[in-house]
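Pasted below: entry_15.pdb, PDB, N, CA and C atoms.
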```
ATOM      1  N   MET D   1     179.265  17.257 163.029
ATOM      2  CA  MET D   1     179.269  17.364 164.472
ATOM      3  C   MET D   1     179.093  15.968 165.056
ATOM      4  N   SER D   2     179.861  15.683 166.066
ATOM      5  CA  SER D   2     179.707  14.408 166.764
ATOM      6  C   SER D   2     179.785  14.647 168.261
ATOM      7  N   PHE D   3     179.200  13.740 168.983
ATOM      8  CA  PHE D   3     179.194  13.833 170.438
ATOM      9  C   PHE D   3     179.921  12.624 171.003
ATOM     10  N   ASP D   4     180.691  12.850 172.046
ATOM     11  CA  ASP D   4     181.462  11.749 172.622
ATOM     12  C   ASP D   4     181.024  11.406 174.041
ATOM     13  N   ASN D   5     179.841  11.900 174.462
ATOM     14  CA  ASN D   5     179.277  11.568 175.753
ATOM     15  C   ASN D   5     180.191  11.958 176.916
ATOM     16  N   THR D   6     180.867  13.073 176.759
ATOM     17  CA  THR D   6     181.717  13.601 177.833
ATOM     18  C   THR D   6     181.512  15.103 177.930
ATOM     19  N   TYR D   7     181.902  15.645 179.045
ATOM     20  CA  TYR D   7     181.882  17.082 179.239
ATOM     21  C   TYR D   7     183.292  17.610 179.073
ATOM     22  N   HIS D   8     183.395  18.747 178.442
ATOM     23  CA  HIS D   8     184.683  19.405 178.304
ATOM     24  C   HIS D   8     184.698  20.574 179.286
ATOM     25  N   LEU D   9     185.382  20.360 180.384
ATOM     26  CA  LEU D   9     185.397  21.358 181.445
ATOM     27  C   LEU D   9     186.293  22.535 181.070
ATOM     28  N   PRO D  10     185.854  23.741 181.411
ATOM     29  CA  PRO D  10     186.730  24.890 181.195
ATOM     30  C   PRO D  10     187.923  24.806 182.143
ATOM     31  N   ASP D  11     188.994  25.470 181.786
ATOM     32  CA  ASP D  11     190.198  25.438 182.622
ATOM     33  C   ASP D  11     189.935  25.949 184.031
ATOM     34  N   ASP D  12     189.021  26.886 184.167
ATOM     35  CA  ASP D  12     188.755  27.484 185.482
ATOM     36  C   ASP D  12     187.503  26.910 186.141
ATOM     37  N   TRP D  13     187.213  25.624 185.901
ATOM     38  CA  TRP D  13     185.982  25.032 186.433
ATOM     39  C   TRP D  13     185.917  25.091 187.950
ATOM     40  N   LYS D  14     187.051  24.958 188.609
ATOM     41  CA  LYS D  14     187.028  25.002 190.087
ATOM     42  C   LYS D  14     186.623  26.387 190.565
ATOM     43  N   THR D  15     187.126  27.410 189.899
ATOM     44  CA  THR D  15     186.762  28.780 190.250
ATOM     45  C   THR D  15     185.279  29.008 190.003
ATOM     46  N   GLN D  16     184.782  28.531 188.865
ATOM     47  CA  GLN D  16     183.365  28.686 188.558
ATOM     48  C   GLN D  16     182.483  27.940 189.561
ATOM     49  N   LEU D  17     182.903  26.753 189.960
ATOM     50  CA  LEU D  17     182.141  25.986 190.938
ATOM     51  C   LEU D  17     182.143  26.702 192.291
ATOM     52  N   THR D  18     183.272  27.212 192.688
ATOM     53  CA  THR D  18     183.363  27.967 193.940
ATOM     54  C   THR D  18     182.478  29.204 193.894
ATOM     55  N   ASP D  19     182.497  29.900 192.766
ATOM     56  CA  ASP D  19     181.646  31.087 192.618
ATOM     57  C   ASP D  19     180.169  30.714 192.731
ATOM     58  N   TYR D  20     179.776  29.614 192.101
ATOM     59  CA  TYR D  20     178.377  29.199 192.169
ATOM     60  C   TYR D  20     178.019  28.715 193.576
ATOM     61  N   ASP D  21     178.956  28.078 194.250
ATOM     62  CA  ASP D  21     178.730  27.705 195.651
ATOM     63  C   ASP D  21     178.403  28.943 196.479
ATOM     64  N   HIS D  22     179.098  30.038 196.219
ATOM     65  CA  HIS D  22     178.837  31.278 196.953
ATOM     66  C   HIS D  22     177.449  31.840 196.631
ATOM     67  N   VAL D  23     177.037  31.740 195.388
ATOM     68  CA  VAL D  23     175.699  32.202 194.994
ATOM     69  C   VAL D  23     174.632  31.407 195.753
ATOM     70  N   ILE D  24     174.762  30.092 195.745
ATOM     71  CA  ILE D  24     173.780  29.241 196.424
ATOM     72  C   ILE D  24     173.830  29.453 197.932
ATOM     73  N   GLN D  25     175.025  29.582 198.470
ATOM     74  CA  GLN D  25     175.177  29.820 199.904
ATOM     75  C   GLN D  25     174.474  31.123 200.303
ATOM     76  N   HIS D  26     174.660  32.166 199.512
ATOM     77  CA  HIS D  26     174.008  33.450 199.796
ATOM     78  C   HIS D  26     172.493  33.318 199.705
ATOM     79  N   TYR D  27     172.013  32.613 198.688
ATOM     80  CA  TYR D  27     170.571  32.410 198.533
ATOM     81  C   TYR D  27     169.975  31.755 199.781
ATOM     82  N   TYR D  28     170.543  30.645 200.215
ATOM     83  CA  TYR D  28     169.989  29.934 201.368
ATOM     84  C   TYR D  28     170.116  30.744 202.654
ATOM     85  N   ALA D  29     171.175  31.512 202.785
ATOM     86  CA  ALA D  29     171.382  32.293 204.007
ATOM     87  C   ALA D  29     170.451  33.494 204.100
ATOM     88  N   THR D  30     169.995  34.001 202.957
ATOM     89  CA  THR D  30     169.225  35.252 202.980
ATOM     90  C   THR D  30     167.763  35.101 202.573
ATOM     91  N   ARG D  31     167.302  33.888 202.310
ATOM     92  CA  ARG D  31     165.888  33.760 201.952
ATOM     93  C   ARG D  31     165.019  34.014 203.177
ATOM     94  N   ASP D  32     163.754  34.288 202.933
ATOM     95  CA  ASP D  32     162.856  34.712 204.004
ATOM     96  C   ASP D  32     162.598  33.643 205.064
ATOM     97  N   THR D  33     162.495  32.393 204.647
ATOM     98  CA  THR D  33     162.239  31.320 205.603
ATOM     99  C   THR D  33     163.215  30.175 205.374
ATOM    100  N   ASN D  34     163.369  29.372 206.385
ATOM    101  CA  ASN D  34     164.213  28.170 206.309
ATOM    102  C   ASN D  34     165.651  28.450 205.875
ATOM    103  N   GLN D  35     166.221  29.517 206.435
ATOM    104  CA  GLN D  35     167.617  29.797 206.113
ATOM    105  C   GLN D  35     168.493  28.650 206.584
ATOM    106  N   ARG D  36     169.550  28.397 205.845
ATOM    107  CA  ARG D  36     170.492  27.361 206.247
ATOM    108  C   ARG D  36     171.829  27.606 205.561
ATOM    109  N   GLU D  37     172.829  26.939 206.054
ATOM    110  CA  GLU D  37     174.172  26.995 205.483
ATOM    111  C   GLU D  37     174.288  25.871 204.467
ATOM    112  N   GLU D  38     174.386  26.212 203.183
ATOM    113  CA  GLU D  38     174.364  25.201 202.125
ATOM    114  C   GLU D  38     175.144  25.682 200.913
ATOM    115  N   THR D  39     175.767  24.752 200.201
ATOM    116  CA  THR D  39     176.430  25.065 198.937
ATOM    117  C   THR D  39     175.930  24.101 197.865
ATOM    118  N   PHE D  40     176.122  24.472 196.620
ATOM    119  CA  PHE D  40     175.741  23.618 195.508
ATOM    120  C   PHE D  40     176.526  22.311 195.554
ATOM    121  N   SER D  41     177.820  22.396 195.799
ATOM    122  CA  SER D  41     178.656  21.194 195.863
ATOM    123  C   SER D  41     178.155  20.228 196.924
ATOM    124  N   HIS D  42     177.803  20.755 198.082
ATOM    125  CA  HIS D  42     177.316  19.909 199.162
ATOM    126  C   HIS D  42     175.977  19.279 198.797
ATOM    127  N   LEU D  43     175.094  20.068 198.181
ATOM    128  CA  LEU D  43     173.796  19.529 197.772
ATOM    129  C   LEU D  43     173.978  18.348 196.826
ATOM    130  N   LEU D  44     174.857  18.481 195.845
ATOM    131  CA  LEU D  44     175.087  17.385 194.900
ATOM    132  C   LEU D  44     175.695  16.171 195.570
ATOM    133  N   ALA D  45     176.732  16.390 196.347
ATOM    134  CA  ALA D  45     177.412  15.270 196.993
ATOM    135  C   ALA D  45     176.495  14.574 197.989
ATOM    136  N   ASN D  46     175.763  15.348 198.758
ATOM    137  CA  ASN D  46     174.858  14.775 199.749
ATOM    138  C   ASN D  46     173.719  14.017 199.065
ATOM    139  N   GLY D  47     173.187  14.580 197.998
ATOM    140  CA  GLY D  47     172.122  13.909 197.261
ATOM    141  C   GLY D  47     172.596  12.600 196.649
ATOM    142  N   ALA D  48     173.789  12.613 196.106
ATOM    143  CA  ALA D  48     174.331  11.397 195.485
ATOM    144  C   ALA D  48     174.603  10.320 196.532
ATOM    145  N   ALA D  49     174.994  10.737 197.714
ATOM    146  CA  ALA D  49     175.313   9.772 198.764
ATOM    147  C   ALA D  49     174.057   9.124 199.353
ATOM    148  N   HIS D  50     172.908   9.752 199.169
ATOM    149  CA  HIS D  50     171.682   9.247 199.778
ATOM    150  C   HIS D  50     170.618   8.846 198.763
ATOM    151  N   THR D  51     171.005   8.617 197.541
ATOM    152  CA  THR D  51     170.046   8.212 196.519
ATOM    153  C   THR D  51     169.889   6.700 196.515
ATOM    154  N   PRO D  52     168.852   6.207 195.863
ATOM    155  CA  PRO D  52     168.682   4.752 195.777
ATOM    156  C   PRO D  52     169.889   4.067 195.142
ATOM    157  N   LYS D  53     170.036   2.820 195.437
ATOM    158  CA  LYS D  53     171.191   2.051 194.992
ATOM    159  C   LYS D  53     171.398   2.116 193.484
ATOM    160  N   LYS D  54     170.329   2.126 192.717
ATOM    161  CA  LYS D  54     170.463   2.112 191.258
ATOM    162  C   LYS D  54     171.145   3.361 190.721
ATOM    163  N   ARG D  55     171.233   4.421 191.534
ATOM    164  CA  ARG D  55     171.916   5.633 191.100
ATOM    165  C   ARG D  55     173.307   5.775 191.703
ATOM    166  N   SER D  56     173.808   4.766 192.316
ATOM    167  CA  SER D  56     175.091   4.868 193.012
ATOM    168  C   SER D  56     176.241   5.194 192.073
ATOM    169  N   GLU D  57     176.092   4.899 190.773
ATOM    170  CA  GLU D  57     177.178   5.221 189.859
ATOM    171  C   GLU D  57     177.386   6.730 189.724
ATOM    172  N   LEU D  58     176.391   7.538 190.066
ATOM    173  CA  LEU D  58     176.570   8.987 190.047
ATOM    174  C   LEU D  58     177.631   9.409 191.056
ATOM    175  N   LEU D  59     177.565   8.858 192.254
ATOM    176  CA  LEU D  59     178.569   9.178 193.262
ATOM    177  C   LEU D  59     179.950   8.723 192.807
ATOM    178  N   ASP D  60     180.040   7.540 192.218
ATOM    179  CA  ASP D  60     181.322   7.054 191.695
ATOM    180  C   ASP D  60     181.861   8.002 190.628
ATOM    181  N   ALA D  61     180.990   8.482 189.747
ATOM    182  CA  ALA D  61     181.417   9.401 188.688
ATOM    183  C   ALA D  61     181.921  10.715 189.283
ATOM    184  N   LEU D  62     181.254  11.205 190.322
ATOM    185  CA  LEU D  62     181.716  12.434 190.984
ATOM    186  C   LEU D  62     183.113  12.243 191.563
ATOM    187  N   HIS D  63     183.338  11.120 192.180
ATOM    188  CA  HIS D  63     184.660  10.834 192.747
ATOM    189  C   HIS D  63     185.703  10.735 191.638
ATOM    190  N   GLN D  64     185.386  10.044 190.556
ATOM    191  CA  GLN D  64     186.322   9.882 189.441
ATOM    192  C   GLN D  64     186.674  11.210 188.797
ATOM    193  N   GLN D  65     185.755  12.151 188.822
ATOM    194  CA  GLN D  65     185.973  13.457 188.190
ATOM    195  C   GLN D  65     186.563  14.471 189.153
ATOM    196  N   GLY D  66     186.919  14.028 190.359
ATOM    197  CA  GLY D  66     187.591  14.921 191.292
ATOM    198  C   GLY D  66     186.684  15.740 192.168
ATOM    199  N   PHE D  67     185.405  15.355 192.282
ATOM    200  CA  PHE D  67     184.477  16.124 193.098
ATOM    201  C   PHE D  67     184.273  15.526 194.482
ATOM    202  N   CYS D  68     185.195  14.719 194.932
ATOM    203  CA  CYS D  68     185.098  14.121 196.261
ATOM    204  C   CYS D  68     185.294  15.221 197.298
ATOM    205  N   LEU D  69     184.295  15.464 198.131
ATOM    206  CA  LEU D  69     184.356  16.565 199.084
ATOM    207  C   LEU D  69     184.783  16.145 200.476
ATOM    208  N   LYS D  70     184.939  14.865 200.701
ATOM    209  CA  LYS D  70     185.318  14.396 202.036
ATOM    210  C   LYS D  70     186.721  13.858 202.013
TER     211      LYS D  70
END
```

Now that the file is in, can you turn its structure into structure tokens?
Amino acid sequence: MSFDNTYHLPDDWKTQLTDYDHVIQHYYATRDTNQREETFSHLLANGAAHTPKKRSELLDALHQQGFCLK
């Protein structure tokens, strides 16, 4: 067994990400307090955009992998 430091995405990764976005969106919309409109994709992208400079390569990696949401 060897590891190549990469992720092997399933063919339907976009569908899976969309499905998980719906799960998170439902959670935030229906919790007892502090309801808000939020998705997993937005949480990741927003967090990466506002992290300290030393983590800026995370945002670059998201863009390179096609997760640019804007």

Between atom C of Trp13 in chain D and CA of Leu59 in chain D - distance in Å to one decimal: 18.3 Å

Need the shell around Glu37 in chain D: protein/DNA/RNA residues with any atom at most 8 Å away, counting all atoms listed in the file. Skip same-chain ones fewer than 2 positions apart. Format as an MDAnalysis selection string? chainID D and resid 24:26 28:29 34:35 39

Separation of CA of Asn46 in chain D from CA of Gln16 in chain D, in Å and rounded to one decimal: 19.8 Å

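Pairwise distance (atom C of Leu43 in chain D, atom C of Thr6 in chain D) equals 20.6 Å.
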
Could you add whatever atoms are missing so that range 4-15 of chain D carries all heavy atoms, then write the result as a CSV table (one decimal), in the frame of the given file?
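selection-v1.csv, written as the output of this step:
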```
chain,number,residue,atom,x,y,z
D,4,ASP,N,180.7,12.8,172.0
D,4,ASP,CA,181.5,11.7,172.6
D,4,ASP,C,181.0,11.4,174.0
D,4,ASP,O,181.7,10.7,174.8
D,4,ASP,CB,183.0,12.0,172.6
D,4,ASP,CG,183.3,13.3,173.2
D,4,ASP,OD1,182.5,13.9,174.0
D,4,ASP,OD2,184.5,13.8,173.1
D,5,ASN,N,179.8,11.9,174.5
D,5,ASN,CA,179.3,11.6,175.8
D,5,ASN,C,180.2,12.0,176.9
D,5,ASN,O,180.3,11.2,177.9
D,5,ASN,CB,178.9,10.1,175.8
D,5,ASN,CG,177.9,9.8,176.9
D,5,ASN,OD1,177.2,10.7,177.3
D,5,ASN,ND2,177.9,8.6,177.4
D,6,THR,N,180.9,13.1,176.8
D,6,THR,CA,181.7,13.6,177.8
D,6,THR,C,181.5,15.1,177.9
D,6,THR,O,181.0,15.7,177.0
D,6,THR,CB,183.2,13.3,177.6
D,6,THR,OG1,183.6,14.0,176.4
D,6,THR,CG2,183.5,11.8,177.5
D,7,TYR,N,181.9,15.6,179.0
D,7,TYR,CA,181.9,17.1,179.2
D,7,TYR,C,183.3,17.6,179.1
D,7,TYR,O,184.2,17.0,179.5
D,7,TYR,CB,181.4,17.4,180.6
D,7,TYR,CG,179.9,17.1,180.9
D,7,TYR,CD1,179.6,15.9,181.5
D,7,TYR,CD2,178.9,17.9,180.4
D,7,TYR,CE1,178.2,15.6,181.7
D,7,TYR,CE2,177.6,17.6,180.5
D,7,TYR,CZ,177.3,16.5,181.2
D,7,TYR,OH,175.9,16.2,181.4
D,8,HIS,N,183.4,18.7,178.4
D,8,HIS,CA,184.7,19.4,178.3
D,8,HIS,C,184.7,20.6,179.3
D,8,HIS,O,184.1,21.6,179.1
D,8,HIS,CB,184.9,19.9,176.9
D,8,HIS,CG,184.9,18.7,175.9
D,8,HIS,ND1,185.9,17.9,175.7
D,8,HIS,CD2,183.9,18.3,175.1
D,8,HIS,CE1,185.6,16.9,174.8
D,8,HIS,NE2,184.4,17.2,174.4
D,9,LEU,N,185.4,20.4,180.4
D,9,LEU,CA,185.4,21.4,181.4
D,9,LEU,C,186.3,22.5,181.1
D,9,LEU,O,187.4,22.3,180.5
D,9,LEU,CB,185.9,20.7,182.7
D,9,LEU,CG,185.1,19.6,183.4
D,9,LEU,CD1,185.8,19.0,184.5
D,9,LEU,CD2,183.7,20.2,183.8
D,10,PRO,N,185.9,23.7,181.4
D,10,PRO,CA,186.7,24.9,181.2
D,10,PRO,C,187.9,24.8,182.1
D,10,PRO,O,187.9,24.2,183.2
D,10,PRO,CB,185.8,26.1,181.5
D,10,PRO,CG,184.7,25.6,182.4
D,10,PRO,CD,184.6,24.1,182.0
D,11,ASP,N,189.0,25.5,181.8
D,11,ASP,CA,190.2,25.4,182.6
D,11,ASP,C,189.9,25.9,184.0
D,11,ASP,O,190.6,25.5,185.0
D,11,ASP,CB,191.3,26.3,182.0
D,11,ASP,CG,191.8,25.6,180.7
D,11,ASP,OD1,191.7,24.4,180.6
D,11,ASP,OD2,192.4,26.4,179.9
D,12,ASP,N,189.0,26.9,184.2
D,12,ASP,CA,188.8,27.5,185.5
D,12,ASP,C,187.5,26.9,186.1
D,12,ASP,O,186.8,27.6,186.9
D,12,ASP,CB,188.6,29.0,185.3
D,12,ASP,CG,187.4,29.4,184.5
D,12,ASP,OD1,186.9,28.6,183.8
D,12,ASP,OD2,187.0,30.6,184.7
D,13,TRP,N,187.2,25.6,185.9
D,13,TRP,CA,186.0,25.0,186.4
D,13,TRP,C,185.9,25.1,188.0
D,13,TRP,O,184.8,25.3,188.5
D,13,TRP,CB,185.8,23.6,185.9
D,13,TRP,CG,186.8,22.6,186.5
D,13,TRP,CD1,187.9,22.2,185.9
D,13,TRP,CD2,186.7,21.8,187.7
D,13,TRP,NE1,188.6,21.3,186.7
D,13,TRP,CE2,187.8,21.0,187.8
D,13,TRP,CE3,185.7,21.8,188.7
D,13,TRP,CZ2,188.0,20.2,188.8
D,13,TRP,CZ3,185.9,20.9,189.7
D,13,TRP,CH2,187.1,20.1,189.8
D,14,LYS,N,187.1,25.0,188.6
D,14,LYS,CA,187.0,25.0,190.1
D,14,LYS,C,186.6,26.4,190.6
D,14,LYS,O,185.9,26.5,191.5
D,14,LYS,CB,188.4,24.6,190.7
D,14,LYS,CG,188.7,23.1,190.5
D,14,LYS,CD,190.0,22.8,191.2
D,14,LYS,CE,190.3,21.3,191.0
D,14,LYS,NZ,191.6,20.9,191.7
D,15,THR,N,187.1,27.4,189.9
D,15,THR,CA,186.8,28.8,190.2
D,15,THR,C,185.3,29.0,190.0
D,15,THR,O,184.6,29.6,190.8
D,15,THR,CB,187.6,29.8,189.4
D,15,THR,OG1,189.0,29.6,189.7
D,15,THR,CG2,187.2,31.2,189.8
```
